[in-house]
$ cat work_12.tsv   # TSV, C-alpha atoms
chain	number	residue	atom	x	y	z
A	18	MET	CA	0.00	0.00	0.00
A	19	HIS	CA	1.34	3.34	-1.08
A	20	TRP	CA	-0.64	5.64	1.25
A	21	LYS	CA	0.04	6.52	4.87
A	22	SER	CA	-3.56	7.38	5.74
A	23	PHE	CA	-6.96	7.77	4.16
A	24	ALA	CA	-6.68	11.56	4.35
A	25	ASP	CA	-3.37	11.28	2.53
A	26	PHE	CA	-5.10	9.21	-0.14
A	27	LEU	CA	-7.91	11.73	-0.53
A	28	ALA	CA	-5.52	14.67	-0.74
A	29	MET	CA	-3.53	13.12	-3.60
A	30	GLY	CA	-0.62	15.43	-2.78
A	31	GLN	CA	-2.74	18.60	-3.29
A	32	HIS	CA	-4.02	17.28	-6.61
A	33	GLY	CA	-7.14	15.71	-5.13
A	34	LEU	CA	-9.58	17.97	-6.98
A	35	TYR	CA	-8.08	17.08	-10.35
A	36	VAL	CA	-7.61	13.36	-9.76
A	37	TRP	CA	-11.03	12.80	-8.16
A	38	GLY	CA	-12.69	15.13	-10.65
A	39	SER	CA	-11.38	12.94	-13.45
A	40	LEU	CA	-12.30	9.65	-11.80
A	41	LEU	CA	-15.76	10.80	-10.75
A	42	VAL	CA	-16.84	12.07	-14.16
A	43	MET	CA	-15.40	9.04	-15.93
A	44	ALA	CA	-17.13	6.64	-13.51
A	45	LEU	CA	-20.45	8.48	-13.74
A	46	LEU	CA	-20.49	8.54	-17.53
A	47	MET	CA	-19.38	4.93	-17.79
A	48	LEU	CA	-22.27	3.95	-15.50
A	49	ALA	CA	-24.79	6.23	-17.18
A	50	GLU	CA	-24.20	4.89	-20.68
A	51	PRO	CA	-25.05	1.23	-19.99
A	52	LEU	CA	-27.96	2.21	-17.70
A	53	ARG	CA	-29.39	4.34	-20.48
A	54	LEU	CA	-29.04	1.41	-22.85
A	55	VAL	CA	-30.84	-0.97	-20.47
A	56	ASN	CA	-33.66	1.54	-20.15
A	57	GLY	CA	-33.73	2.31	-23.84
A	58	ARG	CA	-34.00	-1.38	-24.64
A	59	LYS	CA	-37.06	-1.77	-22.44
A	60	THR	CA	-38.70	1.29	-24.01
A	61	LEU	CA	-37.83	0.10	-27.50
A	62	ILE	CA	-39.26	-3.38	-26.97
A	63	ALA	CA	-42.47	-1.95	-25.49
A	64	ARG	CA	-42.83	0.44	-28.43
A	65	LEU	CA	-42.26	-2.26	-31.04
A	66	GLN	CA	-44.76	-4.53	-29.31
A	67	ARG	CA	-47.33	-1.72	-29.30
A	68	GLN	CA	-46.72	-1.09	-32.99
A	69	ILE	CA	-47.20	-4.76	-33.83
A	70	ARG	CA	-50.42	-4.94	-31.81
A	71	ALA	CA	-51.70	-1.83	-33.57
A	72	GLU	CA	-50.87	-3.33	-36.96
A	73	GLN	CA	-52.57	-6.57	-36.06
A	74	ALA	CA	-55.66	-4.74	-34.84
A	75	GLU	CA	-55.70	-2.77	-38.09
A	76	ALA	CA	-55.33	-5.95	-40.13
A	77	GLY	CA	-58.08	-7.58	-38.10
A	78	ARG	CA	-60.49	-4.73	-38.83
A	79	ASN	CA	-59.64	-4.65	-42.54
A	80	GLY	CA	-59.57	-8.39	-43.06
A	81	ALA	CA	-62.57	-10.67	-43.12
A	82	ALA	CA	-64.37	-9.94	-39.89
A	83	ALA	CA	-64.73	-13.35	-38.33
A	84	THR	CA	-61.48	-15.30	-38.63
A	85	SER	CA	-59.02	-13.57	-36.38
A	86	THR	CA	-56.37	-16.25	-35.98
A	87	HIS	CA	-53.84	-14.68	-33.67
A	88	GLU	CA	-54.49	-14.42	-30.00
A	89	ASP	CA	-53.93	-11.09	-28.40
A	90	ALA	CA	-50.34	-11.17	-27.19
A	91	SER	CA	-50.25	-9.23	-23.98
B	11	MET	CA	-16.80	-21.61	-50.49
B	12	SER	CA	-15.11	-23.36	-47.59
B	13	LYS	CA	-17.20	-24.37	-44.63
B	14	ARG	CA	-15.34	-22.11	-42.26
B	15	LEU	CA	-15.87	-19.05	-44.38
B	16	SER	CA	-19.57	-19.73	-44.71
B	17	ASN	CA	-19.77	-20.02	-40.93
B	18	TRP	CA	-18.41	-16.51	-40.65
B	19	PHE	CA	-20.95	-15.22	-43.10
B	20	ARG	CA	-23.65	-16.88	-41.05
B	21	TYR	CA	-22.75	-14.66	-38.10
B	22	ALA	CA	-22.92	-11.61	-40.33
B	23	SER	CA	-26.70	-11.98	-40.41
B	24	PRO	CA	-28.50	-10.05	-37.66
B	25	GLN	CA	-30.72	-13.01	-36.90
B	26	THR	CA	-27.81	-15.21	-35.82
B	27	PHE	CA	-25.67	-12.42	-34.41
B	28	TYR	CA	-28.40	-11.08	-32.11
B	29	PRO	CA	-28.56	-14.07	-29.69
B	30	LEU	CA	-24.80	-14.60	-29.91
B	31	ALA	CA	-24.20	-10.98	-28.87
B	32	GLY	CA	-26.70	-11.40	-26.05
B	33	ARG	CA	-24.76	-14.36	-24.68
B	34	MET	CA	-21.42	-12.53	-24.93
B	35	ILE	CA	-22.44	-9.29	-23.18
B	36	PRO	CA	-22.31	-10.58	-19.54
B	37	TRP	CA	-18.84	-12.02	-20.11
B	38	PHE	CA	-17.50	-8.72	-21.39
B	39	TRP	CA	-19.07	-6.94	-18.40
B	40	ALA	CA	-17.42	-9.40	-16.02
B	41	LEU	CA	-14.04	-8.95	-17.68
B	42	ALA	CA	-14.45	-5.17	-17.65
B	43	ALA	CA	-15.15	-5.27	-13.90
B	44	VAL	CA	-12.20	-7.55	-13.12
B	45	PHE	CA	-9.72	-5.55	-15.21
B	46	GLY	CA	-11.14	-2.27	-13.93
B	47	VAL	CA	-10.84	-3.20	-10.25
B	48	ALA	CA	-7.34	-4.58	-10.78
B	49	GLY	CA	-6.19	-1.58	-12.80
B	50	LEU	CA	-7.59	1.01	-10.40
B	51	THR	CA	-6.22	-0.84	-7.37
B	52	ILE	CA	-2.75	-0.83	-8.86
B	53	GLY	CA	-3.05	2.70	-10.19
B	54	PHE	CA	-4.58	4.39	-7.14
B	55	LEU	CA	-3.42	2.26	-4.22
B	56	LEU	CA	-0.15	0.58	-5.12
B	57	ALA	CA	1.71	2.54	-7.78
B	58	PRO	CA	4.50	4.80	-6.56
B	59	THR	CA	4.51	8.60	-6.76
B	60	ASP	CA	5.81	10.10	-9.98
B	61	ALA	CA	9.13	11.86	-9.56
B	62	GLN	CA	8.12	14.90	-11.63
B	63	GLN	CA	4.36	15.14	-11.31
B	64	GLY	CA	3.70	13.95	-7.76
B	65	GLU	CA	0.34	12.26	-7.20
B	66	GLY	CA	-1.45	14.19	-9.93
B	67	TYR	CA	0.05	11.89	-12.52
B	68	ARG	CA	-2.50	9.22	-11.47
B	69	ILE	CA	-4.91	10.79	-13.96
B	70	ILE	CA	-2.83	8.84	-16.49
B	71	PHE	CA	-4.71	5.67	-15.51
B	72	LEU	CA	-7.91	7.28	-16.80
B	73	HIS	CA	-6.66	9.65	-19.46
B	74	VAL	CA	-4.50	7.29	-21.52
B	75	PRO	CA	-7.08	4.45	-21.73
B	76	ALA	CA	-9.83	6.96	-22.66
B	77	SER	CA	-7.65	8.53	-25.34
B	78	TRP	CA	-6.58	5.18	-26.79
B	79	MET	CA	-10.17	3.99	-26.94
B	80	SER	CA	-11.37	7.21	-28.57
B	81	MET	CA	-8.89	6.69	-31.41
B	82	PHE	CA	-9.23	2.93	-31.68
B	83	ILE	CA	-13.02	2.93	-31.69
B	84	TYR	CA	-12.88	5.42	-34.54
B	85	LEU	CA	-10.68	3.06	-36.55
B	86	VAL	CA	-13.02	0.14	-35.91
B	87	MET	CA	-16.03	2.28	-36.74
B	88	ALA	CA	-14.43	3.41	-40.00
B	89	PHE	CA	-13.52	-0.19	-40.78
B	90	TRP	CA	-17.16	-1.31	-40.41
B	91	ALA	CA	-18.39	1.73	-42.31
B	92	GLY	CA	-15.98	0.97	-45.16
B	93	THR	CA	-16.96	-2.71	-45.17
B	94	GLY	CA	-20.60	-1.73	-45.38
B	95	LEU	CA	-19.90	0.63	-48.24
B	96	ALA	CA	-17.88	-1.97	-50.15
B	97	PHE	CA	-19.94	-5.12	-49.58
B	98	ASN	CA	-23.33	-3.67	-48.67
B	99	THR	CA	-23.62	-5.98	-45.66
B	100	ARG	CA	-26.41	-5.15	-43.23
B	101	LEU	CA	-24.48	-5.79	-40.05
B	102	SER	CA	-21.57	-3.46	-40.92
B	103	GLY	CA	-23.59	-0.27	-40.86
B	104	MET	CA	-25.24	-1.33	-37.61
B	105	MET	CA	-21.85	-1.94	-36.00
B	106	ALA	CA	-20.57	1.46	-37.09
B	107	SER	CA	-23.64	3.21	-35.67
B	108	ALA	CA	-23.37	1.26	-32.43
B	109	LEU	CA	-19.75	2.30	-31.88
B	110	ALA	CA	-20.08	6.04	-32.50
B	111	PRO	CA	-21.65	7.15	-29.18
B	112	THR	CA	-19.13	5.16	-27.14
B	113	GLY	CA	-16.30	6.64	-29.19
B	114	ALA	CA	-17.69	10.11	-28.56
B	115	LEU	CA	-17.90	9.34	-24.84
B	116	PHE	CA	-14.23	8.38	-24.70
B	117	ALA	CA	-13.18	11.39	-26.79
B	118	PHE	CA	-15.01	13.61	-24.32
B	119	LEU	CA	-13.44	11.81	-21.34
B	120	SER	CA	-10.02	12.15	-22.93
B	121	LEU	CA	-10.51	15.92	-23.19
B	122	TRP	CA	-12.03	16.17	-19.71
B	123	THR	CA	-9.33	14.20	-17.90
B	124	GLY	CA	-6.74	15.96	-20.05
B	125	ALA	CA	-8.00	19.36	-18.95
B	126	LEU	CA	-7.95	18.30	-15.29
B	127	TRP	CA	-4.42	17.02	-15.76
B	128	GLY	CA	-3.26	20.07	-17.70
B	129	LYS	CA	-4.36	22.56	-15.06
B	130	PRO	CA	-2.05	21.42	-12.24
B	131	MET	CA	0.84	20.43	-14.55
B	132	TRP	CA	0.84	23.14	-17.23
B	133	GLY	CA	-1.17	25.81	-15.43
B	134	THR	CA	-3.94	25.78	-18.03
B	135	TRP	CA	-7.07	23.75	-18.76
B	136	TRP	CA	-6.69	24.07	-22.49
B	137	VAL	CA	-4.25	25.16	-25.18
B	138	TRP	CA	-4.81	25.14	-28.93
B	139	ASP	CA	-1.93	22.84	-29.61
B	140	ALA	CA	-1.81	20.01	-32.13
B	141	ARG	CA	-2.62	17.08	-29.84
B	142	LEU	CA	-5.50	18.76	-28.03
B	143	THR	CA	-7.01	20.35	-31.11
B	144	SER	CA	-6.92	17.14	-33.16
B	145	GLU	CA	-8.58	15.23	-30.30
B	146	LEU	CA	-11.29	17.91	-30.19
B	147	ILE	CA	-11.76	17.42	-33.94
B	148	LEU	CA	-12.17	13.70	-33.25
B	149	LEU	CA	-15.02	14.47	-30.84
B	150	PHE	CA	-16.63	16.66	-33.51
B	151	LEU	CA	-16.24	13.88	-36.08
B	152	TYR	CA	-18.11	11.48	-33.81
B	153	ILE	CA	-20.84	14.04	-33.15
B	154	GLY	CA	-21.04	14.83	-36.87
B	155	PHE	CA	-21.37	11.13	-37.69
B	156	ILE	CA	-24.18	10.66	-35.15
B	157	ALA	CA	-25.99	13.82	-36.26
B	158	LEU	CA	-25.70	12.96	-39.94
B	159	GLN	CA	-27.12	9.49	-39.42
B	160	ALA	CA	-29.91	10.85	-37.24
B	161	ALA	CA	-30.86	13.35	-39.94
B	162	ILE	CA	-31.47	10.71	-42.63
B	163	ASP	CA	-34.58	8.57	-42.27
B	164	ASP	CA	-33.68	5.69	-44.56
B	165	PRO	CA	-31.16	3.61	-42.56
B	166	ARG	CA	-29.33	2.29	-45.63
B	167	ARG	CA	-28.78	5.80	-46.94
B	168	ALA	CA	-27.82	7.01	-43.45
B	169	ASP	CA	-25.23	4.22	-43.33
B	170	LYS	CA	-23.75	5.27	-46.66
B	171	ALA	CA	-23.55	8.96	-45.80
B	172	GLY	CA	-22.09	8.19	-42.38
B	173	ALA	CA	-19.57	5.80	-43.91
B	174	VAL	CA	-18.20	8.47	-46.23
B	175	LEU	CA	-17.82	10.88	-43.32
B	176	ALA	CA	-16.20	8.20	-41.14
B	177	LEU	CA	-13.72	7.26	-43.86
B	178	VAL	CA	-12.74	10.84	-44.63
B	179	GLY	CA	-12.25	11.47	-40.91
B	180	VAL	CA	-9.80	8.57	-40.55
B	181	VAL	CA	-7.04	10.90	-41.70
B	182	ASN	CA	-7.34	12.60	-38.30
B	183	ILE	CA	-6.25	9.51	-36.36
B	184	PRO	CA	-2.56	9.45	-37.42
B	185	ILE	CA	-2.55	13.22	-36.97
B	186	ILE	CA	-3.59	12.81	-33.32
B	187	TYR	CA	-1.19	9.95	-32.73
B	188	PHE	CA	1.89	11.56	-34.27
B	189	SER	CA	1.06	15.16	-33.34
B	190	VAL	CA	3.44	15.02	-30.38
B	191	LYS	CA	6.25	14.09	-32.77
B	192	TRP	CA	5.39	16.28	-35.75
B	193	TRP	CA	4.84	19.51	-33.89
B	194	ASN	CA	6.20	21.16	-30.79
B	195	THR	CA	3.38	20.70	-28.37
B	196	LEU	CA	2.83	21.17	-24.69
B	197	HIS	CA	1.56	17.61	-24.51
B	198	GLN	CA	4.12	15.05	-23.42
B	199	GLY	CA	5.29	12.31	-25.78
B	200	ALA	CA	3.82	8.82	-25.91
B	201	SER	CA	3.93	7.00	-22.57
B	202	VAL	CA	4.12	3.64	-24.24
B	203	SER	CA	5.41	2.98	-27.71
B	204	LEU	CA	6.06	-0.11	-29.76
B	205	THR	CA	9.56	0.94	-30.76
B	206	LYS	CA	11.20	1.48	-27.38
B	207	ALA	CA	11.02	0.13	-23.85
B	208	PRO	CA	8.43	1.94	-21.70
B	209	SER	CA	9.83	4.83	-19.71
B	210	MET	CA	7.63	4.24	-16.68
B	211	ALA	CA	7.76	2.01	-13.62
B	212	ALA	CA	6.45	-1.52	-14.18
B	213	LEU	CA	3.63	-1.07	-11.68
B	214	MET	CA	2.45	2.12	-13.38
B	215	LEU	CA	2.56	0.40	-16.74
B	216	TRP	CA	0.53	-2.56	-15.49
B	217	GLY	CA	-2.06	-0.29	-13.93
B	218	MET	CA	-2.43	1.60	-17.17
B	219	LEU	CA	-2.63	-1.52	-19.34
B	220	LEU	CA	-5.25	-3.11	-17.06
B	221	CYS	CA	-7.34	0.07	-17.10
B	222	ALA	CA	-7.05	0.13	-20.88
B	223	LEU	CA	-8.19	-3.51	-21.05
B	224	ALA	CA	-11.16	-2.65	-18.84
B	225	CYS	CA	-12.12	0.14	-21.26
B	226	TRP	CA	-11.81	-2.32	-24.12
B	227	MET	CA	-14.16	-4.81	-22.51
B	228	TYR	CA	-16.54	-2.01	-21.56
B	229	SER	CA	-16.60	-0.73	-25.14
B	230	ILE	CA	-17.32	-4.16	-26.57
B	231	ALA	CA	-20.11	-4.81	-24.04
B	232	VAL	CA	-21.76	-1.44	-24.62
B	233	ALA	CA	-21.42	-1.64	-28.40
B	234	LEU	CA	-23.00	-5.10	-28.40
B	235	MET	CA	-25.88	-3.83	-26.26
B	236	ARG	CA	-26.44	-0.96	-28.64
B	237	VAL	CA	-26.13	-3.02	-31.81
B	238	ARG	CA	-28.81	-5.36	-30.50
B	239	MET	CA	-31.18	-2.43	-30.13
B	240	ILE	CA	-30.36	-1.19	-33.62
B	241	MET	CA	-31.07	-4.70	-34.94
B	242	LEU	CA	-34.49	-4.85	-33.30
B	243	GLU	CA	-35.39	-1.42	-34.60
B	244	ARG	CA	-34.23	-1.95	-38.16
B	245	GLU	CA	-35.41	-5.53	-38.52
B	246	ARG	CA	-38.75	-4.97	-36.83
B	247	HIS	CA	-40.67	-6.13	-39.90
B	248	THR	CA	-38.87	-9.47	-40.11
B	249	ASP	CA	-40.26	-12.73	-38.75
B	250	TRP	CA	-37.42	-13.32	-36.30
B	251	VAL	CA	-37.89	-9.99	-34.53
B	252	ARG	CA	-41.67	-10.46	-34.43
B	253	GLN	CA	-41.27	-13.90	-32.97
B	254	LEU	CA	-38.79	-12.61	-30.41
B	255	LEU	CA	-41.08	-9.77	-29.36
B	256	ALA	CA	-44.04	-12.13	-29.08
B	257	GLU	CA	-42.04	-14.47	-26.86
B	258	ARG	CA	-41.08	-11.64	-24.54
B	259	SER	CA	-44.58	-10.38	-23.98

$ encode --input "work_12.tsv" --output "structure tokens"
Amino acid sequence: MHWKSFADFLAMGQHGLYVWGSLLVMALLMLAEPLRLVNGRKTLIARLQRQIRAEQAEAGRNGAAATSTHEDAS
Amino acid sequence: MSKRLSNWFRYASPQTFYPLAGRMIPWFWALAAVFGVAGLTIGFLLAPTDAQQGEGYRIIFLHVPASWMSMFIYLVMAFWAGTGLAFNTRLSGMMASALAPTGALFAFLSLWTGALWGKPMWGTWWVWDARLTSELILLFLYIGFIALQAAIDDPRRADKAGAVLALVGVVNIPIIYFSVKWWNTLHQGASVSLTKAPSMAALMLWGMLLCALACWMYSIAVALMRVRMIMLERERHTDWVRQLLAERS
């Protein structure tokens, strides 16, 4: 271990602001990007499923009234 | 066509690549975490103080990996863009689009950590010197690529336009890399080069290489996540996506 104490570690030889400012922003952005992707994926899948349901409903109305073959996927 | 070659072409189809990518993502995340923890432990807890720069030099463990990735991702992106332009393969354009935001992220982080390193060492956040300016141009190239693709509705045309921009921009990469040799700049020379032994302590070098590996794994994981979304979006009218969406609901 290189450091004498935790305070020593935090101070980074008077360069704490710069070192921790770099690490913090890098860590935040590198967490935010994958989290956004996880969220975006959920939203995307929900949207595509809605679109497909809307298309199927449309097709059902336009097509011959009685024989709706697909069950409502929900 | 040999059997091996046809196997490779099989994975170039979104339908087969999508589940494969899904299986690979957790492994790349695990590797990114292992390399990241190891690299940061060495870099921030074990590595010795730098003789000239004191403790502030530790930004190197963030700055150098971010800068390397920003340049390397651009090369990979341009490679996929060029492949798509030449062979008109569907997956290539998707890969290029998936890489751009991550490349932009690393270009920004390179500039950010560079500014925070420059202030204590040079006394300034920013100078318009060759290395810094060409890295800023790299960030603009990424943003330009993303904006151009976003502005064109037809994905195949967006791919083509983006590919031309990406390929023209490749000229900037050697400029960034060699800028510290070609011009007198404030920026220090390469920390690690292929032609001579590294000028830094072994522990520092290991910390930096492990952090760089972590960024590599991170980039692959994130790009695979994004390319899977692009595949769903673009292939939404195909049977395989419809089936997949039906199974998930």

$ interface_residues --input "work_12.tsv" --of "chain A" --to "chain B" --cutoff "6 Å" --atoms "only C-alpha atoms" --output "PyMOL selection string"
chain A and resi 18-19+29-30+32+35-36+39+91

$ atom_distance --input "work_12.tsv" --atom1 "CA of Asn182 (chain B)" --atom2 "CA of Ser144 (chain B)"
6.9 Å

$ atom_distance --input "work_12.tsv" --atom1 "CA of Asp169 (chain B)" --atom2 "CA of Ala22 (chain B)"
16.3 Å

$ axis_aligned_box --input "work_12.tsv" --around "region 72-87 of chain B" --padding-each-side "8 Å" --output "JSON"
{"center_x": -10.3, "center_y": 4.9, "center_z": -26.8, "size_x": 27.5, "size_y": 25.5, "size_z": 35.9}

$ atom_distance --input "work_12.tsv" --atom1 "CA of Ala140 (chain B)" --atom2 "CA of Leu121 (chain B)"
13.1 Å

$ residues_around --input "work_12.tsv" --residues "Ile186 (chain B)" --least-positions-apart "4" --cutoff "12 Å" --atoms "all atoms listed in the file" --output "number ranges by chain"
B: 77-78, 80-82, 84, 117, 139-149, 179-182, 190-193, 195, 197, 199-200
